[in-house]
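Here's the structure, in C-alpha cells; my notes come after.
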Amino acid sequence: MKNTIRVERAIKDITQASLAELVGVSRQTINAIESNKYVPSTVLALKIAKIFGKPAEMIFLLEDAD
C-alpha cells in the first residue's frame with residue numbers, strides 16, 4: 001500500500017514528530033508508514049486522514065499487489 005503522508009505533511013508543514021503526537025504513535029511509526037515498511041491499522045489510518053482533512057482512500061492507495 002502506498003501513501004501520500006510525506007506530501008500531506010509538507011503541505012501542512014507538520015513534522016513526523018508532530019503528526020505522531022497528534023495520532024498517538026511514535027515518530028518511528030510515522031517514518032515506517034511513510035517508507036511503506038508498515039501498514040497502519042484502520043484506526044490509525046483514519047486518524048491520520050482526519051488530521052489532513054481528507055478521506056483515508058486519498059491518503060492510502062492500494063497497489064495491484066495488495
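A note on labels: chains of the C-alpha cells are A, B, ... as shown, every chain counts residues from 1, and ligands are counted from 1 in their shown order.
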Got a sec: who's within 12 Å of Pro40 of chain A, counting only C-alpha atoms, leaving out chain neighbours fewer than 3 positions off, as a count of residues only?
-> 25
Out of chain A, which residues get strand (DSSP E) from DSSP, as a ChimeraX atom specification?
-> /A:2-3,60-61
Selected residues written out, N, CA, C and O atoms, as an mmCIF file, in the first residue's frame:
```
data_model
loop_
_atom_site.group_PDB
_atom_site.id
_atom_site.type_symbol
_atom_site.label_atom_id
_atom_site.label_comp_id
_atom_site.auth_asym_id
_atom_site.auth_seq_id
_atom_site.Cartn_x
_atom_site.Cartn_y
_atom_site.Cartn_z
ATOM 1 N N LYS A 2 0.605 2.138 -0.924
ATOM 2 C CA LYS A 2 1.322 3.413 -0.978
ATOM 3 C C LYS A 2 0.576 4.431 -0.116
ATOM 4 O O LYS A 2 -0.575 4.224 0.253
ATOM 5 N N ASN A 3 1.254 5.533 0.167
ATOM 6 C CA ASN A 3 0.586 6.615 0.892
ATOM 7 C C ASN A 3 1.194 7.958 0.505
ATOM 8 O O ASN A 3 2.286 8.017 -0.052
ATOM 9 N N PHE A 60 -4.147 6.791 1.599
ATOM 10 C CA PHE A 60 -3.634 5.427 1.461
ATOM 11 C C PHE A 60 -4.172 4.811 0.182
ATOM 12 O O PHE A 60 -5.382 4.738 -0.011
ATOM 13 N N LEU A 61 -3.255 4.368 -0.671
ATOM 14 C CA LEU A 61 -3.635 3.872 -2.002
ATOM 15 C C LEU A 61 -3.216 2.414 -2.157
ATOM 16 O O LEU A 61 -2.046 2.072 -1.964
#
```
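You can rank A:Tyr38, A:Met58, A:Asp64, A:Glu21 by their closest distance to Glu8 of chain A using only C-alpha atoms, and at the top of that list sits A:Met58.
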At what distance in Å, to one decimal, does atom CA of Arg9 of chain A lie from atom CA of Glu57 of chain A?
-> 16.3 Å
Which of these residues is nearest to Gln28 of chain A, using only C-alpha atoms: A:Lys54, A:Thr15, A:Ala10, A:Glu63?
-> A:Thr15
Determine, counting only C-alpha atoms, which protein, DNA and RNA residues have an atom within 7 Å of an atom of Arg27 of chain A; residues of the same chain fewer than 4 positions away are not included. Present the result as a list in words.
-> Gln16, Ala17, Ala20 and Asn31 of chain A
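Among the candidate residues A:Leu62, A:Leu19, A:Ile51, A:Ile11, the one lying nearest to Val39 of chain A is A:Leu62, with distances computed using only C-alpha atoms.
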